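Notes to accompany the following structure.
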Amino acid sequence: MKKKILLIIAAGNASRMGYLPKAASIINGKSNLTNTCEKAYDIFDKILVFSNYKNHDLYTNILEPLKEKVEVVAIRSGMGCGDAVLKAFEDLESVSPAWKYEYTICWGDTHFPDSSLLKETANLKTNDTHLIIPVVKEENPYVWFDHDGPDIIRAMFSKRGEKRKVGYHDQSIFRVSYDIIRDLGTMKNVYWRQDRYQYDELIFLDVCHYLYNIGHPAKLFVTKNKTMSFNTETELNEINGLLLSRKIKGA
């Protein structure tokens, strides 16, 4: 049986957050990274946190109590979340036979209320599918998917002017096969030659359209388990307020 690996991508600068990077932000009394690693600890054989060099020591110190299974690795990216995932896999490939493991990816600013979605995603079978995306139907999603049944045609983004009243929104966690490193690498080269992305930025969810075009579409997986995410201190405070109100009601 292949070992299960969780890759937490936390390589951004979180310039909108101010004093702390998003992964280190305090939610419900502890850093978001600590929350994710604690909930994932008994599900995965190894947890790798991919950081930029600036935050490597900070994350290492935060996760010191979990170092038996958690490791922080510094990568050079700064060219989008897709490039960070690609660099993470390239780093893995350089030190071990990375194709031997099963991979789940999440973002460093993904907040998991409990371990249900982590466990559910880790147990999804990729078979000949390179990417499976847990989704929840939401109103006015800022990211949603154009799809044909479970097959994803492309990811759509409200920041690009695309709108949808109701759509399937990803939960910032992904079950991937090792082939994703080849897909992202090829896609980046194609996009660069044809000048199809700006400022050398590679967005991870854009790989969905590439996979559809090569006949290996990413798949939707509808889940009942929702995550929380934030981009600003205001949104972080809203999450903490919501969690506090739930705690008080359950007291």
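Identifiers in this document derive from the order of the structure tokens: chains are assigned A, B, ..., residues are numbered from 1 separately in each chain, and ligands are numbered from 1 in order of occurrence.
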
Using only C-alpha atoms, find each residue in range 105-191 of chain A having at least one atom no more than 12 Å away from range 48-58 of chain A; report its shortest atom-to-atom pair and that distance in Å (one decimal), rows by chain then rising number, as a Markdown table.
| residue | atom | partner | partner_atom | distance |
| --- | --- | --- | --- | --- |
| A:Ile105 | CA | A:Leu48 | CA | 9.8 |
| A:Cys106 | CA | A:Val49 | CA | 9.8 |
| A:Trp107 | CA | A:Val49 | CA | 9.5 |
| A:Gly108 | CA | A:Val49 | CA | 8.1 |
| A:Asp109 | CA | A:Val49 | CA | 11.8 |

Query raised in the report: Skipping near chain neighbours, those fewer than 4 positions away, what residues fall within 9 Å of Thr126 in chain A using only C-alpha atoms, listed as JSON, numbers by chain?
Result: {"A": [130, 131, 132, 175, 176, 177]}

Take the selection from the previous step and output its residues with all heavy atoms, as a PDB file, in the first residue's frame.
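In the end it all went to part_24.pdb:
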ATOM      1  N   HIS A 130      -6.083  12.432 -13.037  1.00  0.00           N
ATOM      2  CA  HIS A 130      -4.934  13.124 -12.480  1.00  0.00           C
ATOM      3  C   HIS A 130      -5.303  14.048 -11.322  1.00  0.00           C
ATOM      4  O   HIS A 130      -4.446  14.409 -10.524  1.00  0.00           O
ATOM      5  CB  HIS A 130      -4.232  13.948 -13.567  1.00  0.00           C
ATOM      6  CG  HIS A 130      -3.707  13.118 -14.687  1.00  0.00           C
ATOM      7  ND1 HIS A 130      -2.879  13.630 -15.657  1.00  0.00           N
ATOM      8  CD2 HIS A 130      -3.881  11.810 -15.008  1.00  0.00           C
ATOM      9  CE1 HIS A 130      -2.571  12.674 -16.525  1.00  0.00           C
ATOM     10  NE2 HIS A 130      -3.176  11.566 -16.143  1.00  0.00           N
ATOM     11  N   LEU A 131      -6.578  14.440 -11.249  1.00  0.00           N
ATOM     12  CA  LEU A 131      -6.977  15.447 -10.266  1.00  0.00           C
ATOM     13  C   LEU A 131      -8.442  15.264  -9.890  1.00  0.00           C
ATOM     14  O   LEU A 131      -9.303  15.181 -10.761  1.00  0.00           O
ATOM     15  CB  LEU A 131      -6.757  16.846 -10.869  1.00  0.00           C
ATOM     16  CG  LEU A 131      -7.255  18.065 -10.094  1.00  0.00           C
ATOM     17  CD1 LEU A 131      -6.548  18.187  -8.751  1.00  0.00           C
ATOM     18  CD2 LEU A 131      -7.041  19.339 -10.919  1.00  0.00           C
ATOM     19  N   ILE A 132      -8.719  15.181  -8.582  1.00  0.00           N
ATOM     20  CA  ILE A 132     -10.088  15.149  -8.061  1.00  0.00           C
ATOM     21  C   ILE A 132     -10.250  16.327  -7.107  1.00  0.00           C
ATOM     22  O   ILE A 132      -9.409  16.548  -6.228  1.00  0.00           O
ATOM     23  CB  ILE A 132     -10.384  13.841  -7.302  1.00  0.00           C
ATOM     24  CG1 ILE A 132     -10.099  12.625  -8.186  1.00  0.00           C
ATOM     25  CG2 ILE A 132     -11.845  13.806  -6.849  1.00  0.00           C
ATOM     26  CD1 ILE A 132     -10.264  11.298  -7.464  1.00  0.00           C
ATOM     27  N   ARG A 175      -7.078  15.957  -4.411  1.00  0.00           N
ATOM     28  CA  ARG A 175      -6.439  14.642  -4.484  1.00  0.00           C
ATOM     29  C   ARG A 175      -5.796  14.545  -5.856  1.00  0.00           C
ATOM     30  O   ARG A 175      -6.476  14.687  -6.880  1.00  0.00           O
ATOM     31  CB  ARG A 175      -7.485  13.553  -4.284  1.00  0.00           C
ATOM     32  CG  ARG A 175      -6.946  12.144  -4.366  1.00  0.00           C
ATOM     33  CD  ARG A 175      -6.099  11.777  -3.152  1.00  0.00           C
ATOM     34  NE  ARG A 175      -5.789  10.352  -3.232  1.00  0.00           N
ATOM     35  CZ  ARG A 175      -4.777   9.850  -3.942  1.00  0.00           C
ATOM     36  NH1 ARG A 175      -3.969  10.656  -4.608  1.00  0.00           N
ATOM     37  NH2 ARG A 175      -4.576   8.555  -3.980  1.00  0.00           N
ATOM     38  N   VAL A 176      -4.494  14.342  -5.918  1.00  0.00           N
ATOM     39  CA  VAL A 176      -3.775  14.377  -7.189  1.00  0.00           C
ATOM     40  C   VAL A 176      -2.969  13.103  -7.384  1.00  0.00           C
ATOM     41  O   VAL A 176      -2.574  12.433  -6.424  1.00  0.00           O
ATOM     42  CB  VAL A 176      -2.822  15.586  -7.274  1.00  0.00           C
ATOM     43  CG1 VAL A 176      -3.582  16.886  -7.087  1.00  0.00           C
ATOM     44  CG2 VAL A 176      -1.697  15.481  -6.253  1.00  0.00           C
ATOM     45  N   SER A 177      -2.729  12.775  -8.644  1.00  0.00           N
ATOM     46  CA  SER A 177      -1.783  11.721  -8.970  1.00  0.00           C
ATOM     47  C   SER A 177      -0.429  12.377  -9.228  1.00  0.00           C
ATOM     48  O   SER A 177      -0.344  13.583  -9.462  1.00  0.00           O
ATOM     49  CB  SER A 177      -2.236  10.951 -10.214  1.00  0.00           C
ATOM     50  OG  SER A 177      -2.039  11.736 -11.378  1.00  0.00           O
TER      51      SER A 177
END
